[in-house]
file query-v4.json (JSON, C-alpha atoms)
[["chain", "number", "residue", "atom", "x", "y", "z"],
["A", 1, "MET", "CA", 29.32, 117.80, -133.68],
["A", 2, "LYS", "CA", 32.97, 117.90, -132.82],
["A", 3, "LEU", "CA", 32.53, 116.54, -129.32],
["A", 4, "PRO", "CA", 33.95, 113.00, -129.29],
["A", 5, "GLU", "CA", 31.00, 111.70, -127.31],
["A", 6, "VAL", "CA", 28.69, 112.79, -130.12],
["A", 7, "SER", "CA", 30.84, 112.21, -133.18],
["A", 8, "ASP", "CA", 32.00, 108.77, -132.03],
["A", 9, "LYS", "CA", 28.41, 107.58, -131.78],
["A", 10, "LEU", "CA", 27.57, 108.95, -135.20],
["A", 11, "VAL", "CA", 30.59, 107.20, -136.70],
["A", 12, "THR", "CA", 29.51, 103.99, -134.98],
["A", 13, "ALA", "CA", 26.13, 104.41, -136.67],
["A", 14, "GLY", "CA", 27.92, 104.40, -140.01],
["A", 15, "LEU", "CA", 27.71, 108.11, -140.61],
["A", 16, "ILE", "CA", 30.40, 110.53, -141.65],
["A", 17, "VAL", "CA", 30.53, 113.59, -139.47],
["A", 18, "VAL", "CA", 30.64, 116.91, -141.26],
["A", 19, "ALA", "CA", 31.06, 120.02, -139.19],
["A", 20, "GLU", "CA", 30.91, 122.87, -141.66],
["A", 21, "SER", "CA", 29.56, 126.40, -141.80],
["A", 22, "PRO", "CA", 25.98, 127.39, -142.56],
["A", 23, "GLU", "CA", 27.30, 128.89, -145.81],
["A", 24, "TYR", "CA", 28.77, 125.56, -146.84],
["A", 25, "PHE", "CA", 25.51, 123.87, -145.96],
["A", 26, "GLY", "CA", 23.51, 126.35, -148.01],
["A", 27, "GLU", "CA", 25.79, 125.75, -150.97],
["A", 28, "VAL", "CA", 25.38, 121.97, -150.60],
["A", 29, "ILE", "CA", 21.60, 122.33, -150.67],
["A", 30, "ARG", "CA", 21.64, 124.60, -153.70],
["A", 31, "SER", "CA", 24.06, 122.47, -155.70],
["A", 32, "ASP", "CA", 22.40, 119.17, -154.78],
["A", 33, "TYR", "CA", 18.99, 120.63, -155.55],
["A", 34, "ALA", "CA", 20.23, 121.49, -159.03],
["A", 35, "LYS", "CA", 22.04, 118.16, -159.41],
["A", 36, "TYR", "CA", 19.04, 116.01, -158.58],
["A", 37, "GLY", "CA", 16.72, 118.21, -160.62],
["A", 38, "LYS", "CA", 18.91, 117.58, -163.65],
["A", 39, "LEU", "CA", 19.16, 113.86, -162.91],
["A", 40, "VAL", "CA", 15.39, 113.49, -162.56],
["A", 41, "ARG", "CA", 14.92, 115.24, -165.90],
["A", 42, "ASP", "CA", 17.72, 113.28, -167.59],
["A", 43, "ILE", "CA", 16.28, 109.91, -166.67],
["A", 44, "GLY", "CA", 12.77, 110.99, -167.57],
["A", 45, "PHE", "CA", 11.36, 110.33, -164.11],
["A", 46, "GLN", "CA", 7.71, 111.35, -163.83],
["A", 47, "PRO", "CA", 6.89, 113.16, -160.59],
["A", 48, "GLN", "CA", 4.47, 111.13, -158.50],
["B", 1, "MET", "CA", 28.53, 104.92, -159.08],
["B", 2, "LYS", "CA", 28.64, 108.37, -157.66],
["B", 3, "GLU", "CA", 28.32, 108.64, -153.97],
["B", 4, "LEU", "CA", 24.95, 109.29, -152.56],
["B", 5, "ARG", "CA", 24.62, 112.04, -150.08],
["B", 6, "VAL", "CA", 22.06, 111.56, -147.41],
["B", 7, "PHE", "CA", 23.23, 114.49, -145.48],
["B", 8, "VAL", "CA", 21.58, 115.42, -142.33],
["B", 9, "LEU", "CA", 21.05, 118.94, -141.27],
["B", 10, "SER", "CA", 19.12, 121.41, -139.33],
["B", 11, "ALA", "CA", 17.25, 124.18, -140.97],
["B", 12, "PHE", "CA", 14.87, 126.76, -139.69],
["B", 13, "ALA", "CA", 12.28, 128.98, -141.20],
["B", 14, "LEU", "CA", 13.40, 132.22, -142.77],
["B", 15, "GLY", "CA", 12.86, 135.52, -141.09],
["B", 16, "PHE", "CA", 14.98, 135.05, -138.05],
["B", 17, "ALA", "CA", 17.45, 137.72, -138.94],
["B", 18, "SER", "CA", 16.96, 140.48, -136.44],
["B", 19, "ALA", "CA", 20.18, 141.29, -134.64],
["B", 20, "ALA", "CA", 18.32, 142.43, -131.53],
["B", 21, "LEU", "CA", 16.43, 139.17, -131.44],
["B", 22, "ALA", "CA", 19.58, 137.19, -132.05],
["B", 23, "GLN", "CA", 21.21, 138.69, -128.97],
["B", 24, "LEU", "CA", 18.41, 137.39, -126.79],
["B", 25, "TYR", "CA", 18.20, 134.07, -128.50],
["B", 26, "PRO", "CA", 17.30, 131.60, -127.24],
["B", 27, "ALA", "CA", 14.88, 132.96, -124.67],
["B", 28, "LYS", "CA", 12.71, 129.85, -124.55],
["B", 29, "PRO", "CA", 12.85, 126.14, -125.42],
["B", 30, "ILE", "CA", 13.64, 125.23, -129.02],
["B", 31, "LYS", "CA", 11.82, 122.51, -130.88],
["B", 32, "ILE", "CA", 13.56, 120.34, -133.47],
["B", 33, "VAL", "CA", 11.12, 118.56, -135.73],
["B", 34, "ILE", "CA", 12.31, 115.17, -136.97],
["B", 35, "PRO", "CA", 10.33, 114.34, -140.11],
["B", 36, "PHE", "CA", 10.91, 110.62, -139.60],
["B", 37, "PRO", "CA", 9.86, 107.96, -137.10],
["B", 38, "PRO", "CA", 11.79, 107.09, -133.94],
["B", 39, "GLY", "CA", 14.81, 104.91, -134.63],
["B", 40, "ASN", "CA", 15.43, 106.44, -138.04],
["B", 41, "THR", "CA", 18.98, 107.67, -138.65],
["B", 42, "MET", "CA", 17.77, 111.28, -138.49],
["B", 43, "ASP", "CA", 16.06, 110.55, -135.20],
["B", 44, "ILE", "CA", 19.18, 109.04, -133.67],
["B", 45, "MET", "CA", 21.34, 111.88, -134.95],
["B", 46, "THR", "CA", 19.02, 114.60, -133.67],
["B", 47, "ARG", "CA", 18.64, 113.06, -130.24],
["B", 48, "LEU", "CA", 22.41, 112.76, -129.94],
["B", 49, "ILE", "CA", 22.92, 116.41, -130.78],
["B", 50, "ALA", "CA", 19.96, 117.94, -128.95],
["B", 51, "PRO", "CA", 21.32, 117.53, -125.38],
["B", 52, "LYS", "CA", 24.60, 119.15, -126.42],
["B", 53, "MET", "CA", 22.76, 122.04, -128.05],
["B", 54, "SER", "CA", 20.78, 122.44, -124.86],
["B", 55, "GLU", "CA", 23.96, 122.59, -122.76],
["B", 56, "ARG", "CA", 25.48, 125.14, -125.10],
["B", 57, "LEU", "CA", 22.40, 127.34, -125.48],
["B", 58, "GLY", "CA", 21.07, 127.10, -121.95],
["B", 59, "GLN", "CA", 17.56, 126.23, -123.04],
["B", 60, "PRO", "CA", 15.73, 122.91, -123.33],
["B", 61, "ILE", "CA", 15.77, 121.40, -126.82],
["B", 62, "VAL", "CA", 12.69, 119.35, -127.58],
["B", 63, "ALA", "CA", 12.98, 116.76, -130.34],
["B", 64, "GLU", "CA", 9.63, 115.89, -131.88],
["B", 65, "ASN", "CA", 8.91, 113.20, -134.47],
["B", 66, "ARG", "CA", 6.51, 114.23, -137.22],
["B", 67, "PRO", "CA", 6.91, 111.46, -139.79],
["B", 68, "GLY", "CA", 4.95, 111.06, -143.00],
["B", 69, "ALA", "CA", 5.09, 111.52, -146.76],
["B", 70, "SER", "CA", 8.78, 110.61, -146.95],
["B", 71, "GLY", "CA", 9.72, 113.45, -144.66],
["B", 72, "MET", "CA", 7.62, 116.12, -146.34],
["B", 73, "LEU", "CA", 5.07, 116.49, -143.54],
["B", 74, "GLY", "CA", 7.64, 117.42, -140.92],
["B", 75, "LEU", "CA", 9.43, 119.90, -143.16],
["B", 76, "ASP", "CA", 6.13, 121.45, -144.14],
["B", 77, "PHE", "CA", 5.22, 121.88, -140.49],
["B", 78, "VAL", "CA", 8.46, 123.80, -139.92],
["B", 79, "ALA", "CA", 8.07, 125.82, -143.12],
["B", 80, "LYS", "CA", 4.73, 127.08, -141.84],
["B", 81, "ALA", "CA", 5.83, 127.60, -138.23],
["B", 82, "ALA", "CA", 6.59, 131.06, -136.90],
["B", 83, "PRO", "CA", 9.92, 132.13, -138.41],
["B", 84, "ASP", "CA", 11.41, 132.99, -135.05],
["B", 85, "GLY", "CA", 14.15, 130.40, -134.77],
["B", 86, "TYR", "CA", 12.35, 128.30, -132.19],
["B", 87, "THR", "CA", 11.16, 125.63, -134.58],
["B", 88, "LEU", "CA", 13.99, 123.84, -136.35],
["B", 89, "ALA", "CA", 13.92, 120.90, -138.73],
["B", 90, "ALA", "CA", 16.22, 117.94, -139.02],
["B", 91, "GLY", "CA", 16.05, 117.62, -142.77],
["B", 92, "GLN", "CA", 18.02, 115.50, -145.16],
["B", 93, "GLY", "CA", 18.71, 115.10, -148.84],
["B", 94, "GLY", "CA", 15.48, 113.27, -149.57],
["B", 95, "ASN", "CA", 13.03, 115.88, -148.44],
["B", 96, "LEU", "CA", 15.20, 118.88, -149.31],
["B", 97, "VAL", "CA", 16.77, 118.16, -152.68],
["B", 98, "VAL", "CA", 15.11, 115.06, -154.18],
["B", 99, "LEU", "CA", 11.40, 115.21, -153.36],
["B", 100, "PRO", "CA", 11.02, 118.73, -154.78],
["B", 101, "HIS", "CA", 11.76, 117.13, -158.15],
["B", 102, "THR", "CA", 10.09, 113.75, -157.77],
["B", 103, "SER", "CA", 6.92, 114.69, -155.93],
["B", 104, "LYS", "CA", 4.00, 116.37, -157.65],
["B", 105, "ASN", "CA", 2.67, 117.93, -154.49],
["B", 106, "ILE", "CA", 5.56, 119.42, -152.62],
["B", 107, "PRO", "CA", 4.08, 121.77, -150.02],
["B", 108, "TYR", "CA", 7.20, 123.87, -149.36],
["B", 109, "ASP", "CA", 10.00, 125.54, -151.24],
["B", 110, "ALA", "CA", 13.16, 123.83, -150.06],
["B", 111, "LEU", "CA", 15.38, 126.70, -151.14],
["B", 112, "LYS", "CA", 13.26, 129.60, -149.87],
["B", 113, "ASP", "CA", 11.43, 128.35, -146.82],
["B", 114, "PHE", "CA", 14.48, 127.33, -144.79],
["B", 115, "LEU", "CA", 17.67, 128.88, -143.63],
["B", 116, "PRO", "CA", 20.56, 126.45, -143.33],
["B", 117, "ILE", "CA", 22.16, 126.23, -139.90],
["B", 118, "ALA", "CA", 24.45, 123.25, -139.84],
["B", 119, "VAL", "CA", 25.27, 120.17, -141.83],
["B", 120, "SER", "CA", 25.98, 117.27, -139.54],
["B", 121, "THR", "CA", 26.58, 113.99, -141.31],
["B", 122, "THR", "CA", 26.68, 112.22, -144.64],
["B", 123, "ASN", "CA", 26.60, 108.54, -145.43],
["B", 124, "TYR", "CA", 27.14, 106.14, -148.28],
["B", 125, "LEU", "CA", 25.00, 104.31, -150.72],
["B", 126, "GLY", "CA", 25.89, 100.68, -151.02],
["B", 127, "ILE", "CA", 25.02, 97.92, -153.44],
["B", 128, "VAL", "CA", 24.91, 94.35, -152.18],
["B", 129, "ALA", "CA", 24.16, 91.11, -153.95],
["B", 130, "TYR", "CA", 24.05, 87.42, -153.24],
["B", 131, "PRO", "CA", 27.23, 85.39, -153.77],
["B", 132, "GLU", "CA", 25.62, 83.52, -156.66],
["B", 133, "VAL", "CA", 25.64, 86.54, -158.95],
["B", 134, "PRO", "CA", 28.04, 86.13, -161.87],
["B", 135, "PHE", "CA", 29.96, 89.33, -161.32],
["B", 136, "LYS", "CA", 32.32, 90.74, -158.77],
["B", 137, "SER", "CA", 32.39, 94.46, -159.44],
["B", 138, "ILE", "CA", 30.21, 97.25, -160.68],
["B", 139, "GLY", "CA", 31.99, 97.08, -164.05],
["B", 140, "GLU", "CA", 31.19, 93.37, -164.37],
["B", 141, "MET", "CA", 27.64, 94.01, -163.24],
["B", 142, "ILE", "CA", 27.18, 96.53, -166.04],
["B", 143, "SER", "CA", 28.64, 94.07, -168.57],
["B", 144, "TYR", "CA", 26.24, 91.42, -167.30],
["B", 145, "ALA", "CA", 23.27, 93.76, -167.54],
["B", 146, "LYS", "CA", 24.19, 94.70, -171.08],
["B", 147, "ALA", "CA", 24.55, 91.05, -172.13],
["B", 148, "ASN", "CA", 21.29, 90.11, -170.39],
["B", 149, "PRO", "CA", 18.83, 92.96, -170.92],
["B", 150, "GLY", "CA", 16.29, 93.29, -168.14],
["B", 151, "LYS", "CA", 17.74, 90.40, -166.12],
["B", 152, "LEU", "CA", 19.40, 92.57, -163.53],
["B", 153, "THR", "CA", 16.85, 93.11, -160.80],
["B", 154, "VAL", "CA", 17.39, 95.93, -158.35],
["B", 155, "ALA", "CA", 15.49, 96.32, -155.12],
["B", 156, "THR", "CA", 15.40, 99.75, -153.51],
["B", 157, "ASN", "CA", 13.48, 101.49, -150.77],
["B", 158, "GLY", "CA", 11.10, 103.13, -153.20],
["B", 159, "GLU", "CA", 10.30, 104.82, -156.46],
["B", 160, "GLY", "CA", 12.20, 108.08, -156.79],
["B", 161, "GLY", "CA", 14.24, 107.54, -153.64],
["B", 162, "PHE", "CA", 17.99, 108.12, -153.44],
["B", 163, "PRO", "CA", 18.96, 104.50, -154.22],
["B", 164, "HIS", "CA", 16.58, 104.37, -157.17],
["B", 165, "LEU", "CA", 17.80, 107.66, -158.61],
["B", 166, "ALA", "CA", 21.42, 106.70, -158.09],
["B", 167, "PHE", "CA", 20.92, 103.42, -159.91],
["B", 168, "GLU", "CA", 19.11, 105.22, -162.72],
["B", 169, "HIS", "CA", 22.05, 107.56, -162.91],
["B", 170, "LEU", "CA", 24.36, 104.57, -163.19],
["B", 171, "ARG", "CA", 22.09, 103.09, -165.87],
["B", 172, "VAL", "CA", 22.30, 106.25, -167.95],
["B", 173, "MET", "CA", 26.07, 106.45, -167.54],
["B", 174, "GLY", "CA", 26.60, 102.75, -168.27],
["B", 175, "SER", "CA", 23.91, 102.36, -170.97],
["B", 176, "PHE", "CA", 22.38, 99.20, -169.55],
["B", 177, "THR", "CA", 18.92, 98.11, -168.41],
["B", 178, "PHE", "CA", 17.56, 96.76, -165.14],
["B", 179, "THR", "CA", 14.27, 95.82, -163.56],
["B", 180, "HIS", "CA", 13.40, 98.00, -160.60],
["B", 181, "VAL", "CA", 11.65, 96.51, -157.58],
["B", 182, "PRO", "CA", 10.68, 99.33, -155.26],
["B", 183, "TYR", "CA", 9.86, 98.46, -151.67],
["B", 184, "LYS", "CA", 8.07, 100.92, -149.48],
["B", 185, "GLY", "CA", 9.95, 102.24, -146.53],
["B", 186, "SER", "CA", 13.39, 101.36, -145.39],
["B", 187, "ALA", "CA", 15.78, 99.42, -147.53],
["B", 188, "ALA", "CA", 15.88, 96.96, -144.66],
["B", 189, "ARG", "CA", 12.55, 95.68, -145.83],
["B", 190, "ALA", "CA", 14.03, 94.88, -149.22],
["B", 191, "PHE", "CA", 16.82, 93.04, -147.46],
["B", 192, "ARG", "CA", 14.48, 91.06, -145.30],
["B", 193, "SER", "CA", 12.68, 89.61, -148.29],
["B", 194, "GLY", "CA", 15.34, 86.97, -148.36],
["B", 195, "PRO", "CA", 13.47, 83.96, -149.80],
["B", 196, "THR", "CA", 12.31, 86.00, -152.78],
["B", 197, "HIS", "CA", 15.84, 87.07, -153.41],
["B", 198, "ARG", "CA", 17.08, 83.55, -153.09],
["B", 199, "ARG", "CA", 14.76, 82.45, -155.83],
["B", 200, "ARG", "CA", 15.93, 85.31, -157.95],
["B", 201, "PRO", "CA", 19.58, 85.45, -157.14],
["B", 202, "ARG", "CA", 20.35, 88.30, -159.44],
["B", 203, "ARG", "CA", 18.35, 90.73, -157.46],
["B", 204, "PHE", "CA", 20.17, 93.57, -155.87],
["B", 205, "ALA", "CA", 19.47, 95.79, -153.01],
["B", 206, "ALA", "CA", 20.68, 99.31, -153.14],
["B", 207, "THR", "CA", 20.61, 100.88, -149.77],
["B", 208, "SER", "CA", 21.22, 104.28, -148.34],
["B", 209, "ARG", "CA", 21.02, 103.00, -144.82],
["B", 210, "ALA", "CA", 24.06, 103.66, -142.75],
["B", 211, "ALA", "CA", 26.79, 101.22, -143.61],
["B", 212, "GLY", "CA", 27.15, 100.17, -140.01],
["B", 213, "SER", "CA", 23.60, 99.01, -139.53],
["B", 214, "ALA", "CA", 23.23, 95.44, -138.42],
["B", 215, "THR", "CA", 21.08, 94.54, -141.37],
["B", 216, "SER", "CA", 23.40, 95.67, -144.08],
["B", 217, "ARG", "CA", 26.45, 94.44, -142.29],
["B", 218, "ARG", "CA", 25.05, 90.98, -141.94],
["B", 219, "ARG", "CA", 23.96, 91.00, -145.54],
["B", 220, "GLU", "CA", 27.31, 92.14, -146.71],
["B", 221, "ARG", "CA", 28.95, 89.26, -144.94],
["B", 222, "ARG", "CA", 26.57, 86.77, -146.46],
["B", 223, "GLY", "CA", 26.55, 88.33, -149.84],
["B", 224, "ARG", "CA", 28.78, 90.31, -151.98],
["B", 225, "SER", "CA", 29.01, 93.97, -151.47],
["B", 226, "PHE", "CA", 30.17, 96.69, -153.74],
["B", 227, "SER", "CA", 31.12, 99.98, -152.37],
["B", 228, "SER", "CA", 29.49, 102.66, -154.40],
["B", 229, "SER", "CA", 32.05, 105.18, -153.41],
["B", 230, "THR", "CA", 35.49, 105.31, -152.03],
["B", 231, "THR", "CA", 35.56, 109.03, -151.64],
["B", 232, "ARG", "CA", 33.91, 111.01, -148.95],
["B", 233, "SER", "CA", 30.66, 112.29, -150.24],
["B", 234, "THR", "CA", 31.31, 115.76, -148.94],
["B", 235, "THR", "CA", 34.39, 116.25, -151.07],
["B", 236, "ARG", "CA", 33.40, 118.82, -153.57]]
call {"tool": "encode", "arguments": {"input": "query-v4.json", "output": "structure tokens"}}
result
Amino acid sequence: MKLPEVSDKLVTAGLIVVAESPEYFGEVIRSDYAKYGKLVRDIGFQPQ
Amino acid sequence: MKELRVFVLSAFALGFASAALAQLYPAKPIKIVIPFPPGNTMDIMTRLIAPKMSERLGQPIVAENRPGASGMLGLDFVAKAAPDGYTLAAGQGGNLVVLPHTSKNIPYDALKDFLPIAVSTTNYLGIVAYPEVPFKSIGEMISYAKANPGKLTVATNGEGGFPHLAFEHLRVMGSFTFTHVPYKGSAARAFRSGPTHRRRPRRFAATSRAAGSATSRRRERRGRSFSSSTTRSTTR
């Protein structure tokens, strides 16, 4: 991810490169999972 | 509006924890399942990274598209594959953290069936509108929506998708109403429906497509764009 030849292309595609640890990634998944679960409940979205 | 994370990642099935196995890994080619069609952002990202992984690991990395059900089919395939570290998934926020809440029939457990390996990218959610709209900022848009209940029309790439949920979040925070027009598939399709939008100039398109895509860039030039976030979405 940190190689310029890779990251430059990703940036060109409009993406933001994030090179973090697996632990960070796991935490992102857990917190986002909780965040969107709460949001879906808060707005009363019915699972389809 | 809060930023929208559409982070991209690789995950692989649990169980690959043996130290002895890890020392030999990888002893054969590794497959990365892309749960989206060719040309999708995930597809581009994975195919950029795969050759570098191959160089580093000394084994071929095979990228395989298994699209369907908004990315659930591909993740399910990996969830049920042998948990030996040779079948990875290029997942993202939609099929890992949103669909488990918005889909009735989610075939995998996003938190238990995968082991995170690496997060690779995030991107933004943007809101664009035609120049005719009578507001120039998100604050003015909310004021307009409050003064004209139901008149604000928002096109997104689908019911329960990131853009839809983000706009719903904004609605709850701003206490206004809007009419949702979900389009199936990419937000680009919502953009392309130009004539319809022209007739209804207050329609919006919320997109999670990469900001640099030709479609959104062109639309932003023609229309008015609002950045949904000025902070990096990974800042926590």
call {"tool": "interface_residues", "arguments": {"input": "query-v4.json", "of": "chain B", "to": "chain A", "cutoff": "7 Å", "atoms": "all atoms listed in the file", "output": "list in words"}}
result
Met45, Leu48, Ile49, Val97, Val98, His101, Thr102, Ser103, Lys104, Pro116, Ile117, Ala118, Val119, Ser120, Thr121, Thr122, Asn123, Glu168, His169, Ala210, Ala211, Gly212 and Ser213 of chain B
call {"tool": "atom_distance", "arguments": {"input": "query-v4.json", "atom1": "atom CA of His164 of chain B", "atom2": "atom CA of Pro35 of chain B"}}
result
20.7 Å
call {"tool": "atom_distance", "arguments": {"input": "query-v4.json", "atom1": "atom CA of Gly91 of chain B", "atom2": "atom CA of Leu125 of chain B"}}
result
17.9 Å
call {"tool": "atom_distance", "arguments": {"input": "query-v4.json", "atom1": "atom CA of Glu132 of chain B", "atom2": "atom CA of Leu152 of chain B"}}
result
13.0 Å
call {"tool": "residues_near_point", "arguments": {"input": "query-v4.json", "point": "(14.0, 110.9, -130.5)", "cutoff": "9 Å", "atoms": "only C-alpha atoms", "output": "number ranges by chain"}}
result
B: 34, 37-40, 42-48, 63-65
call {"tool": "closest_residue", "arguments": {"input": "query-v4.json", "among": "B:Val181, B:Ile61, B:Val172, B:Ala145", "to": "Ala27 of chain B", "atoms": "all atoms listed in the file"}}
result
B:Ile61
